[in-house]
>>> print(open('coords-v1.cif').read())   # mmCIF, C-alpha atoms
data_protein
loop_
_atom_site.label_atom_id
_atom_site.label_comp_id
_atom_site.auth_asym_id
_atom_site.auth_seq_id
_atom_site.Cartn_x
_atom_site.Cartn_y
_atom_site.Cartn_z
CA MET A 937 0.00 0.00 0.00
CA ARG A 938 1.63 3.25 -1.05
CA TYR A 939 1.05 6.62 0.57
CA ARG A 940 -0.54 7.84 -2.62
CA SER A 941 -3.30 5.23 -2.41
CA ALA A 942 -4.50 6.75 0.86
CA SER A 943 -4.72 10.14 -0.78
CA ALA A 944 -6.55 8.71 -3.75
CA PHE A 945 -9.11 7.11 -1.49
CA ALA A 946 -9.46 10.35 0.44
CA ALA A 947 -10.19 12.23 -2.76
CA SER A 948 -12.92 9.81 -3.79
CA ALA A 949 -14.52 9.91 -0.35
CA MET A 950 -14.84 13.69 -0.20
CA ASN A 951 -17.88 15.65 -1.25
CA LEU A 952 -16.20 19.02 -0.79
CA PRO A 953 -15.71 22.06 -2.95
CA ALA A 954 -12.51 21.84 -4.97
CA GLU A 955 -10.66 24.31 -2.75
CA HIS A 956 -11.20 22.11 0.33
CA ALA A 957 -10.21 18.80 -1.27
CA PRO A 958 -6.41 19.07 -0.77
CA ARG A 959 -6.93 19.87 2.91
CA ARG A 960 -9.22 16.88 3.33
CA ARG A 961 -6.86 14.56 1.43
CA ALA A 962 -3.96 15.62 3.63
CA ALA A 963 -6.03 15.02 6.77
CA LEU A 964 -7.19 11.54 5.77
CA ALA A 965 -3.72 10.59 4.56
CA PHE A 966 -2.35 11.68 7.94
CA ILE A 967 -4.84 9.51 9.82
CA PHE A 968 -3.94 6.56 7.59
CA VAL A 969 -0.22 7.13 8.15
CA THR A 970 -0.74 7.65 11.90
CA VAL A 971 -2.41 4.28 12.34
CA MET A 972 0.18 2.57 10.16
CA LEU A 973 3.12 4.18 11.98
CA ASP A 974 1.63 3.42 15.39
CA MET A 975 1.37 -0.26 14.48
CA LEU A 976 4.79 -0.17 12.84
CA ALA A 977 6.32 1.37 15.96
CA PHE A 978 4.81 -1.26 18.22
CA GLY A 979 5.54 -4.08 15.80
CA ILE A 980 9.19 -3.07 15.65
CA ILE A 981 9.76 -3.81 19.34
CA ILE A 982 7.93 -7.18 19.37
CA PRO A 983 11.00 -9.27 18.43
CA VAL A 984 13.38 -7.47 20.84
CA LEU A 985 11.32 -6.66 23.96
CA PRO A 986 11.50 -10.22 25.40
CA HIS A 987 15.28 -10.33 24.90
CA LEU A 988 15.67 -6.88 26.48
CA ILE A 989 13.66 -8.04 29.49
CA GLU A 990 15.75 -11.20 29.66
CA GLY A 991 18.94 -9.13 29.75
CA LEU A 992 17.63 -6.80 32.45
CA ILE A 993 16.79 -9.69 34.83
CA GLY A 994 20.04 -11.56 34.40
CA GLY A 995 19.30 -14.00 31.58
CA ASP A 996 16.63 -16.16 33.26
CA ILE A 997 14.43 -17.24 30.31
CA ALA A 998 11.61 -18.68 32.42
CA LYS A 999 11.36 -15.53 34.52
CA ALA A 1000 11.59 -13.40 31.38
CA ALA A 1001 8.64 -15.28 29.83
CA SER A 1002 6.57 -14.52 32.93
CA TRP A 1003 7.47 -10.82 32.73
CA VAL A 1004 6.61 -10.72 29.02
CA GLY A 1005 3.12 -11.91 29.95
CA TRP A 1006 2.81 -9.19 32.57
CA PHE A 1007 3.97 -6.56 30.09
CA ALA A 1008 1.34 -7.69 27.57
CA ALA A 1009 -1.44 -7.72 30.16
CA LEU A 1010 -0.40 -4.26 31.40
CA PHE A 1011 -0.42 -2.82 27.87
CA MET A 1012 -3.92 -4.12 27.13
CA THR A 1013 -5.21 -3.00 30.54
CA MET A 1014 -3.95 0.54 29.93
CA GLN A 1015 -5.67 0.55 26.55
CA PHE A 1016 -8.86 -0.70 28.19
CA VAL A 1017 -8.78 2.14 30.72
CA PHE A 1018 -7.58 5.02 28.55
CA SER A 1019 -9.41 4.44 25.27
CA PRO A 1020 -12.70 5.92 26.58
CA VAL A 1021 -10.76 8.71 28.31
CA GLN A 1022 -9.15 9.76 25.04
CA GLY A 1023 -12.47 9.39 23.23
CA ALA A 1024 -14.24 11.65 25.74
CA LEU A 1025 -11.39 14.18 25.67
CA SER A 1026 -11.60 14.34 21.87
CA ASP A 1027 -15.38 14.89 22.06
CA ARG A 1028 -14.81 17.81 24.42
CA PHE A 1029 -11.61 19.42 23.12
CA GLY A 1030 -11.37 18.16 19.53
CA ARG A 1031 -9.62 15.28 17.77
CA ARG A 1032 -6.51 17.10 16.62
CA SER A 1033 -5.02 17.88 20.02
CA VAL A 1034 -5.62 14.36 21.37
CA ILE A 1035 -4.02 12.69 18.32
CA LEU A 1036 -0.99 14.99 18.35
CA ILE A 1037 -0.40 14.70 22.10
CA SER A 1038 -0.64 10.91 21.84
CA SER A 1039 1.89 10.79 18.97
CA PHE A 1040 4.28 13.03 20.89
CA GLY A 1041 3.81 11.00 24.08
CA LEU A 1042 4.58 7.77 22.23
CA GLY A 1043 7.79 9.24 20.84
CA VAL A 1044 9.01 10.36 24.26
CA ASP A 1045 7.99 7.06 25.81
CA PHE A 1046 9.93 4.99 23.27
CA ILE A 1047 13.01 7.10 24.09
CA VAL A 1048 12.52 6.33 27.79
CA MET A 1049 12.32 2.59 27.00
CA ALA A 1050 15.39 2.81 24.74
CA LEU A 1051 17.37 4.25 27.65
CA ALA A 1052 15.78 2.24 30.50
CA PRO A 1053 18.61 0.74 32.62
CA THR A 1054 16.26 -1.22 34.89
CA LEU A 1055 13.22 -3.44 34.50
CA TRP A 1056 10.94 -1.21 36.55
CA LEU A 1057 11.63 1.81 34.30
CA LEU A 1058 10.94 -0.32 31.22
CA PHE A 1059 7.71 -1.42 32.90
CA VAL A 1060 6.69 2.19 33.53
CA GLY A 1061 7.49 3.02 29.91
CA ARG A 1062 5.24 0.23 28.69
CA LEU A 1063 2.51 1.55 30.98
CA PHE A 1064 2.58 4.97 29.35
CA SER A 1065 2.84 3.52 25.85
CA GLY A 1066 -0.42 1.64 26.46
CA ALA A 1067 -2.11 4.87 27.50
CA CYS A 1068 -0.82 6.86 24.50
CA ALA A 1069 -1.58 4.10 22.00
CA ALA A 1070 -5.29 4.41 22.82
CA SER A 1071 -5.41 7.20 20.18
CA PHE A 1072 -6.62 4.62 17.65
CA SER A 1073 -10.13 5.33 18.95
CA THR A 1074 -9.68 9.05 18.24
CA ALA A 1075 -8.49 8.27 14.71
CA ASN A 1076 -11.71 6.34 14.12
CA ALA A 1077 -13.74 9.24 15.49
CA TYR A 1078 -11.91 11.59 13.10
CA ILE A 1079 -13.00 9.39 10.20
CA ALA A 1080 -16.59 9.47 11.46
CA ASP A 1081 -16.41 13.28 11.53
CA ILE A 1082 -15.18 13.89 8.00
CA VAL A 1083 -16.37 10.99 5.84
CA PRO A 1084 -19.97 10.82 4.58
CA LYS A 1085 -22.01 8.01 6.11
CA GLU A 1086 -22.25 5.98 2.93
CA LYS A 1087 -18.45 5.88 2.60
CA ARG A 1088 -17.43 5.24 6.19
CA ALA A 1089 -17.22 1.47 5.84
CA ALA A 1090 -14.61 1.90 3.09
CA ALA A 1091 -12.72 4.43 5.23
CA PHE A 1092 -12.66 2.08 8.23
CA GLY A 1093 -11.47 -0.62 5.85
CA MET A 1094 -8.55 1.59 4.86
CA LEU A 1095 -7.65 2.04 8.53
CA GLY A 1096 -7.79 -1.73 8.91
CA ALA A 1097 -5.39 -2.05 5.99
CA ALA A 1098 -3.04 0.49 7.61
CA PHE A 1099 -3.20 -1.54 10.81
CA GLY A 1100 -2.29 -4.69 8.88
CA ILE A 1101 0.59 -3.08 6.98
CA GLY A 1102 2.17 -1.85 10.19
CA PHE A 1103 1.76 -5.24 11.83
CA ILE A 1104 3.36 -7.07 8.89
CA VAL A 1105 6.32 -4.74 8.34
CA GLY A 1106 7.00 -3.86 11.98
CA PRO A 1107 8.18 -7.22 13.38
CA ALA A 1108 10.34 -7.91 10.31
CA LEU A 1109 11.99 -4.49 10.57
CA GLY A 1110 12.38 -4.90 14.33
CA GLY A 1111 14.13 -8.25 13.88
CA PHE A 1112 16.50 -6.74 11.33
CA LEU A 1113 17.33 -3.72 13.50
CA GLY A 1114 17.62 -5.81 16.65
CA HIS A 1115 20.31 -7.89 14.97
CA TRP A 1116 22.56 -4.79 15.02
CA HIS A 1117 21.61 -3.50 18.47
CA LEU A 1118 18.90 -4.63 20.88
CA ARG A 1119 17.75 -1.09 21.67
CA LEU A 1120 17.91 0.28 18.12
CA PRO A 1121 14.24 -0.62 17.31
CA PHE A 1122 13.11 1.56 20.24
CA TRP A 1123 14.99 4.55 18.82
CA VAL A 1124 13.50 3.99 15.36
CA ALA A 1125 10.01 3.66 16.88
CA ALA A 1126 10.56 6.94 18.73
CA GLY A 1127 11.68 8.64 15.53
CA LEU A 1128 8.62 7.42 13.61
CA SER A 1129 6.24 8.71 16.30
CA LEU A 1130 7.93 12.11 16.60
CA VAL A 1131 8.13 12.60 12.82
CA ASN A 1132 4.43 11.76 12.64
CA PHE A 1133 3.73 14.37 15.35
CA CYS A 1134 5.63 17.05 13.42
CA TYR A 1135 3.90 16.12 10.17
CA GLY A 1136 0.45 16.24 11.79
CA TYR A 1137 1.20 19.56 13.52
CA PHE A 1138 1.51 21.23 10.13
CA VAL A 1139 -1.09 19.39 8.02
CA LEU A 1140 -3.84 18.08 10.31
CA PRO A 1141 -6.92 20.33 10.64
CA GLU A 1142 -9.47 19.92 13.41
CA SER A 1143 -12.40 17.74 12.34
CA LEU A 1144 -14.84 18.60 15.14
CA PRO A 1145 -15.96 22.25 15.18
CA LYS A 1146 -16.55 23.82 18.59
CA GLU A 1147 -20.32 23.98 18.08
CA ARG A 1148 -20.44 20.17 17.67
CA ARG A 1149 -18.33 19.30 20.72
CA ALA A 1150 -19.57 17.94 24.01
CA ALA A 1151 -20.50 20.65 26.50
CA ARG A 1152 -18.21 19.24 29.19
CA PHE A 1153 -15.83 16.41 30.01
CA ASP A 1154 -17.66 13.87 32.18
CA TRP A 1155 -15.55 11.40 34.16
CA ARG A 1156 -18.58 9.15 34.61
CA HIS A 1157 -18.52 8.39 30.90
CA ALA A 1158 -14.73 8.60 30.45
CA ASN A 1159 -14.13 5.15 31.90
CA PRO A 1160 -14.56 1.70 30.35
CA PHE A 1161 -17.61 0.87 32.46
CA GLY A 1162 -19.30 4.23 31.97
CA ALA A 1163 -18.73 3.80 28.23
CA VAL A 1164 -21.00 0.76 28.31
CA VAL A 1165 -23.81 3.07 29.45
CA LEU A 1166 -23.39 4.97 26.18
CA LEU A 1167 -23.64 1.73 24.20
CA ARG A 1168 -26.78 0.64 26.03
CA ARG A 1169 -28.54 3.88 25.08
CA TYR A 1170 -28.52 2.74 21.46
CA PRO A 1171 -29.92 -0.83 21.17
CA GLN A 1172 -28.54 -1.51 17.71
CA VAL A 1173 -25.13 -0.12 18.69
CA PHE A 1174 -25.09 -2.28 21.82
CA ALA A 1175 -25.79 -5.43 19.79
CA LEU A 1176 -23.17 -4.60 17.16
CA ALA A 1177 -20.67 -3.77 19.91
CA ALA A 1178 -21.21 -7.29 21.25
CA VAL A 1179 -20.44 -8.60 17.75
CA PHE A 1180 -17.33 -6.40 17.65
CA PHE A 1181 -16.18 -7.80 21.01
CA LEU A 1182 -16.67 -11.42 19.94
CA ILE A 1183 -14.74 -10.84 16.71
CA ASN A 1184 -11.79 -9.45 18.67
CA PHE A 1185 -12.02 -12.12 21.36
CA ALA A 1186 -11.99 -14.94 18.80
CA GLN A 1187 -9.00 -13.36 17.06
CA PHE A 1188 -6.82 -14.16 20.07
CA SER A 1189 -7.17 -17.87 19.32
CA LEU A 1190 -4.79 -17.15 16.44
CA ASN A 1191 -2.58 -14.69 18.30
CA SER A 1192 -1.93 -17.03 21.22
CA THR A 1193 -1.82 -20.50 19.63
CA TYR A 1194 -1.03 -20.19 15.90
CA VAL A 1195 2.75 -20.68 16.02
CA LEU A 1196 2.60 -23.56 18.49
CA PHE A 1197 -0.37 -25.17 16.71
CA ILE A 1198 1.22 -25.33 13.25
CA ASP A 1199 4.42 -26.73 14.77
CA TYR A 1200 2.50 -29.40 16.70
CA ARG A 1201 0.07 -30.26 13.89
CA PHE A 1202 2.21 -30.00 10.75
CA GLY A 1203 5.79 -29.68 11.99
CA TRP A 1204 6.16 -26.15 10.60
CA GLY A 1205 8.95 -24.10 12.14
CA PRO A 1206 9.49 -20.36 12.63
CA GLN A 1207 10.18 -19.71 8.94
CA ALA A 1208 6.89 -21.29 7.84
CA ALA A 1209 5.11 -19.41 10.60
CA GLY A 1210 6.54 -16.13 9.32
CA TYR A 1211 5.59 -16.85 5.72
CA THR A 1212 2.03 -17.93 6.52
CA LEU A 1213 1.45 -15.00 8.88
CA GLY A 1214 2.70 -12.73 6.11
CA LEU A 1215 0.12 -14.33 3.82
CA VAL A 1216 -2.57 -13.65 6.43
CA GLY A 1217 -1.52 -10.01 6.59
CA LEU A 1218 -1.44 -9.66 2.81
CA CYS A 1219 -4.88 -11.20 2.32
CA SER A 1220 -6.35 -9.14 5.16
CA GLY A 1221 -4.91 -5.94 3.73
CA LEU A 1222 -6.41 -6.64 0.30
CA VAL A 1223 -9.82 -7.39 1.80
CA GLN A 1224 -9.82 -4.24 3.94
CA ALA A 1225 -8.40 -1.85 1.35
CA VAL A 1226 -9.99 -3.18 -1.86
CA LEU A 1227 -12.94 -5.51 -1.37
CA VAL A 1228 -14.73 -3.53 1.36
CA ARG A 1229 -14.81 -0.41 -0.82
CA ARG A 1230 -15.96 -2.27 -3.92
CA LEU A 1231 -18.56 -4.57 -2.34
CA MET A 1232 -20.10 -2.06 0.06
CA PRO A 1233 -22.28 -0.25 -2.56
CA LYS A 1234 -23.51 -3.57 -3.96
CA LEU A 1235 -24.23 -5.53 -0.78
CA GLY A 1236 -25.02 -2.87 1.81
CA GLU A 1237 -23.78 -2.80 5.39
CA GLY A 1238 -26.10 -5.40 6.94
CA ARG A 1239 -25.60 -8.05 4.28
CA MET A 1240 -21.84 -7.57 4.23
CA ILE A 1241 -21.65 -8.00 8.01
CA LEU A 1242 -23.47 -11.34 7.82
CA ILE A 1243 -21.40 -12.59 4.86
CA GLY A 1244 -18.16 -11.65 6.59
CA LEU A 1245 -19.12 -13.34 9.86
CA SER A 1246 -20.20 -16.52 8.04
CA LEU A 1247 -16.87 -16.70 6.21
CA CYS A 1248 -15.04 -16.10 9.47
CA VAL A 1249 -16.86 -19.03 11.11
CA LEU A 1250 -15.92 -21.24 8.14
CA GLY A 1251 -12.30 -20.08 8.25
CA TYR A 1252 -11.89 -20.87 11.96
CA LEU A 1253 -13.45 -24.32 11.48
CA MET A 1254 -11.07 -25.04 8.61
CA PHE A 1255 -8.12 -23.96 10.76
CA GLY A 1256 -9.17 -26.21 13.62
CA LEU A 1257 -10.24 -29.29 11.67
CA ALA A 1258 -7.99 -29.26 8.56
CA PRO A 1259 -6.43 -32.76 8.22
CA THR A 1260 -3.75 -31.69 5.74
CA PRO A 1261 -1.44 -28.68 5.33
CA TRP A 1262 -2.96 -27.62 2.00
CA LEU A 1263 -6.46 -27.44 3.51
CA PHE A 1264 -5.04 -25.35 6.34
CA LEU A 1265 -3.49 -22.97 3.80
CA LEU A 1266 -6.79 -22.82 1.93
CA ALA A 1267 -8.41 -21.62 5.16
CA ILE A 1268 -6.28 -18.45 5.18
CA PRO A 1269 -8.06 -16.55 2.35
CA VAL A 1270 -11.46 -17.79 3.62
CA PHE A 1271 -10.67 -16.52 7.11
CA CYS A 1272 -9.38 -13.19 5.78
CA LEU A 1273 -12.59 -12.65 3.81
CA GLY A 1274 -14.25 -12.58 7.21
CA GLY A 1275 -12.70 -9.12 7.51
CA LEU A 1276 -15.59 -7.86 5.40
CA ALA A 1277 -17.69 -7.77 8.59
CA GLY A 1278 -15.75 -5.29 10.72
CA PRO A 1279 -15.77 -2.01 8.74
CA PRO A 1280 -19.53 -2.01 7.93
CA ALA A 1281 -20.36 -2.92 11.54
CA GLN A 1282 -18.27 -0.01 12.77
CA SER A 1283 -19.79 2.28 10.16
CA MET A 1284 -23.35 1.26 11.10
CA MET A 1285 -22.66 2.10 14.73
CA THR A 1286 -21.46 5.61 13.86
CA HIS A 1287 -24.78 6.28 12.08
CA GLN A 1288 -26.73 5.91 15.32
CA VAL A 1289 -24.57 7.98 17.67
CA ASP A 1290 -24.74 11.76 18.01
CA PRO A 1291 -21.81 13.75 16.54
CA HIS A 1292 -20.52 14.89 19.93
CA GLU A 1293 -20.36 11.26 21.15
CA GLN A 1294 -18.35 9.71 18.31
CA GLY A 1295 -15.14 9.83 20.33
CA ARG A 1296 -16.77 8.09 23.28
CA LEU A 1297 -18.20 5.44 20.96
CA GLN A 1298 -14.79 4.68 19.44
CA GLY A 1299 -13.20 4.72 22.89
CA ALA A 1300 -15.76 2.21 24.11
CA LEU A 1301 -15.10 -0.08 21.13
CA THR A 1302 -11.34 0.09 21.63
CA SER A 1303 -11.84 -0.72 25.31
CA LEU A 1304 -13.86 -3.79 24.35
CA ALA A 1305 -11.04 -4.93 22.05
CA SER A 1306 -8.54 -4.36 24.86
CA LEU A 1307 -10.73 -6.31 27.29
CA ALA A 1308 -10.63 -9.22 24.84
CA GLY A 1309 -6.84 -8.89 24.82
CA ILE A 1310 -6.65 -9.15 28.59
CA PHE A 1311 -8.53 -12.44 28.90
CA GLY A 1312 -8.44 -14.05 25.43
CA PRO A 1313 -4.78 -15.12 25.10
CA ALA A 1314 -4.62 -17.03 28.38
CA MET A 1315 -7.94 -18.77 27.77
CA PHE A 1316 -7.11 -19.97 24.26
CA ALA A 1317 -3.51 -20.91 25.15
CA ASN A 1318 -4.69 -23.02 28.09
CA LEU A 1319 -7.36 -24.63 25.91
CA PHE A 1320 -4.71 -25.59 23.35
CA ALA A 1321 -2.50 -27.01 26.12
CA LEU A 1322 -5.42 -29.04 27.50
CA PHE A 1323 -6.35 -30.61 24.17
CA ILE A 1324 -2.80 -31.76 23.38
CA SER A 1325 -2.34 -33.24 26.86
CA ASP A 1326 -3.14 -36.73 28.11
CA HIS A 1327 -6.18 -35.30 29.93
CA ALA A 1328 -7.90 -33.94 26.81
CA PRO A 1329 -11.69 -34.42 26.95
CA VAL A 1330 -11.63 -35.12 23.19
CA GLN A 1331 -8.64 -36.82 21.61
CA HIS A 1332 -7.02 -35.68 18.34
CA LEU A 1333 -8.42 -32.13 18.45
CA PRO A 1334 -5.39 -29.83 18.82
CA GLY A 1335 -7.36 -27.11 16.99
CA ALA A 1336 -9.95 -26.89 19.78
CA ALA A 1337 -9.14 -23.19 20.28
CA PHE A 1338 -10.09 -22.45 16.67
CA VAL A 1339 -13.27 -24.51 16.97
CA LEU A 1340 -14.25 -22.48 20.05
CA ALA A 1341 -13.50 -19.27 18.10
CA ALA A 1342 -15.86 -20.49 15.35
CA ALA A 1343 -18.57 -21.12 17.96
CA LEU A 1344 -18.13 -17.58 19.34
CA LEU A 1345 -18.41 -16.14 15.83
CA LEU A 1346 -21.54 -18.21 15.22
CA VAL A 1347 -23.09 -16.52 18.26
CA ALA A 1348 -21.93 -13.17 16.86
CA THR A 1349 -23.63 -14.00 13.56
CA LEU A 1350 -26.94 -14.72 15.30
CA VAL A 1351 -26.68 -11.43 17.21
CA ALA A 1352 -25.87 -9.58 13.98
CA VAL A 1353 -28.89 -11.12 12.21
CA ARG A 1354 -31.13 -9.65 14.88
CA ALA A 1355 -29.33 -6.31 14.96
CA THR A 1356 -29.45 -5.77 11.19
CA ARG A 1357 -32.94 -7.14 10.53
CA HIS A 1358 -34.72 -3.94 11.53
CA PRO A 1359 -32.25 -1.07 11.16
CA VAL A 1360 -32.81 1.75 13.62
CA PRO A 1361 -33.31 5.11 11.89
CA ALA A 1362 -30.14 7.10 12.02
CA SER A 1363 -29.91 9.96 14.46
CA ALA A 1364 -30.33 13.45 13.16
CA ALA A 1365 -28.13 13.94 10.16
CA GLN A 1366 -24.78 15.20 11.27
CA PRO A 1367 -22.85 17.65 9.15
CA THR A 1368 -19.65 16.49 7.60
CA LEU A 1369 -16.86 18.77 6.52
CA GLY A 1370 -18.84 19.18 3.34
CA ASP A 1371 -21.64 20.88 5.27
CA VAL A 1372 -19.57 23.23 7.42
CA PRO A 1373 -16.63 25.43 6.52
CA ALA A 1374 -13.44 23.41 6.45
CA PRO A 1375 -11.07 24.29 9.28
CA GLU A 1376 -8.08 26.35 8.38
CA MET A 1377 -4.70 24.72 8.22
CA THR A 1378 -2.82 24.90 11.47
CA SER A 1379 0.47 26.73 11.65
CA PRO A 1380 3.05 26.74 14.46
CA ASP A 1381 1.61 30.05 15.62
CA SER A 1382 -1.83 28.57 16.22
CA VAL A 1383 -1.02 27.52 19.77
CA GLU A 1384 -4.60 27.90 20.92
CA GLN A 1385 -5.74 25.02 18.69
CA ILE A 1386 -3.60 22.41 20.43
CA ARG A 1387 -4.28 23.26 24.06
#
>>> encode(input="coords-v1.cif", output="structure tokens")
Amino acid sequence: MRYRSASAFAASAMNLPAEHAPRRRAALAFIFVTVMLDMLAFGIIIPVLPHLIEGLIGGDIAKAASWVGWFAALFMTMQFVFSPVQGALSDRFGRRSVILISSFGLGVDFIVMALAPTLWLLFVGRLFSGACAASFSTANAYIADIVPKEKRAAAFGMLGAAFGIGFIVGPALGGFLGHWHLRLPFWVAAGLSLVNFCYGYFVLPESLPKERRAARFDWRHANPFGAVVLLRRYPQVFALAAVFFLINFAQFSLNSTYVLFIDYRFGWGPQAAGYTLGLVGLCSGLVQAVLVRRLMPKLGEGRMILIGLSLCVLGYLMFGLAPTPWLFLLAIPVFCLGGLAGPPAQSMMTHQVDPHEQGRLQGALTSLASLAGIFGPAMFANLFALFISDHAPVQHLPGAAFVLAAALLLVATLVAVRATRHPVPASAAQPTLGDVPAPEMTSPDSVEQIR
């Protein structure tokens, strides 16, 4: 995916006068690049963080593995807590300032981790990186502000593609850089975040005018549990949020067991794992960036959600039950086609929520994904361990984790059928940047805009 493709998509998604189009293209391209660089920055440190932890505790691999688990749980917990906070802050003070402060905070935090001489300082750095990385919810809210309703599914698909690109390239780049110096990936991640902050400072306009912002910042709603109250106010949104949670929860069956499963089942080593995961990323990126945009006008949001979920169920079942390697490989494109469900579900939810609550909605959704990340990996990993042990309740089913993921997605499909059968009328039409004057470009002198 080249930078130009993001701009091209932005141009097609805009219904603005000609003089506003360059400003809008630059804004959407920045959001695309922000998400990609955030994932790239975090992907870069994946191959080296465990080894850095191992070195800081004296080379004990077993103890390092335990600390790696704590670091992962901490990161997801911080995202769970701070996603609705950032969403509520962006509803009150605007998207631009929250995104820029998060990018700057990530850059500084990666520098702290690059220099950390002790484990506790590295732990603190990871804590703050989890809080700053919650800006993904604000990026989604920015898209909801500036993209017309009928094109939001395609826009969310592009963000999904940016997410996938960063996740594919990041670990490979991190492994290469870590070969030269263990802390070099942290410096590169810091540079990417700070360059992105500088770029956004000059090109990113505010997407939420003052008259459309929340009247005040409410701590009752700026927490992961208060965010659920917002979801419950909109029945269709609440049901689709449950679907969103189950999709993310099931995903951790792959994240936590894939490498061990293919080694146990087919004897595939790290190289095969890298190649097949790269294929997953490539297929997912094509689905998110190309198919979502092309199929959305033909199928509509509701139908595409159901088709995507059905394919996802089939993909997980093929992963878990495939008797031969070639059938397992065939499951990869089927599973990736399940990515058709996410963007239209997210788009449909934005239609029902008031303009000044888009940030809180995206914060709530990111918190749900983080909640899945706190509990999902351990559950699926333990299930895999159980079904390859002598105490397995069913013999010869090492893919039990994938079968359970398919069952969860089947439940999600049934919920989605009910949620999309009788669409709730959208809330009062919200203006996009095509309906209100486009914000002026921000210069370094415009200090007031980033307070």
>>> closest_residue(input="coords-v1.cif", among="A:Ala963, A:Leu1242, A:Ala1267, A:Leu1276", to="Arg1354 (chain A)", atoms="only C-alpha atoms")
A:Leu1242
>>> resolve_selection(input="coords-v1.cif", expression="the PyMOL selection byres ((chain A and resi 1101-1114) around 9)", output="VMD selection string")
chain A and resid 937 971 to 984 1096 to 1100 1115 to 1122 1124 1213 to 1214 1217 to 1218 1221
>>> atom_distance(input="coords-v1.cif", atom1="CA of Ser1038 (chain A)", atom2="CA of Glu1142 (chain A)")
15.2 Å
>>> residues_around(input="coords-v1.cif", residues="Phe1181 (chain A)", least_positions_apart="3", cutoff="9 Å", atoms="only C-alpha atoms", output="PyMOL selection string")
chain A and resi 1176-1178+1184-1186+1301+1304-1305+1307-1308+1348
>>> resolve_selection(input="coords-v1.cif", expression="the PyMOL selection byres ((chain A and resi 1309-1320) around 6)", output="MDAnalysis selection string")
chainID A and resid 1009 1012 1185 1188:1189 1192:1193 1306:1308 1321:1323 1337
>>> resolve_selection(input="coords-v1.cif", expression="the PyMOL selection byres ((chain A and resi 1264) around 10)", output="PyMOL selection string")
chain A and resi 1198+1202+1251-1263+1265-1268
>>> atom_distance(input="coords-v1.cif", atom1="CA of Gly1023 (chain A)", atom2="CA of Leu1144 (chain A)")
12.5 Å
>>> residues_around(input="coords-v1.cif", residues="Gln1294 (chain A)", least_positions_apart="5", cutoff="7 Å", atoms="all atoms listed in the file", output="list of chain:residue names")
A:Ala1077, A:Thr1286, A:Val1289
>>> closest_residue(input="coords-v1.cif", among="A:Ala1341, A:Val1017, A:Leu1167, A:Ile1037", to="Leu1190 (chain A)", atoms="all atoms listed in the file")
A:Ala1341
>>> residues_around(input="coords-v1.cif", residues="Met1285 (chain A)", least_positions_apart="5", cutoff="9 Å", atoms="only C-alpha atoms", output="ChimeraX atom specification")
/A:1170,1172-1174,1176-1177,1280,1297
>>> closest_residue(input="coords-v1.cif", among="A:Tyr1200, A:Trp1003, A:Tyr1211, A:Phe1271", to="Ser1325 (chain A)", atoms="only C-alpha atoms")
A:Tyr1200
>>> residues_near_point(input="coords-v1.cif", point="(-18.5, -17.9, 20.8)", cutoff="10 Å", atoms="all atoms listed in the file", output="ChimeraX atom specification")
/A:1179,1182-1183,1185-1186,1249,1339-1349
>>> closest_residue(input="coords-v1.cif", among="A:Ala1175, A:Ala1352, A:Met1232, A:Leu1245", to="Ala1090 (chain A)", atoms="all atoms listed in the file")
A:Met1232
>>> closest_residue(input="coords-v1.cif", among="A:Thr970, A:Ser1033, A:Asn1076, A:Asn1132", to="Arg1296 (chain A)", atoms="all atoms listed in the file")
A:Asn1076
>>> closest_residue(input="coords-v1.cif", among="A:Ala1150, A:Gly1093, A:Pro1171, A:Gly1205", to="Asp1290 (chain A)", atoms="all atoms listed in the file")
A:Ala1150
>>> atom_distance(input="coords-v1.cif", atom1="CA of Leu1057 (chain A)", atom2="CA of Ser1073 (chain A)")
26.9 Å
>>> residues_around(input="coords-v1.cif", residues="Arg1152 (chain A)", least_positions_apart="4", cutoff="9 Å", atoms="all atoms listed in the file", output="list in words")
Asp1027, Arg1028 and Phe1029 of chain A
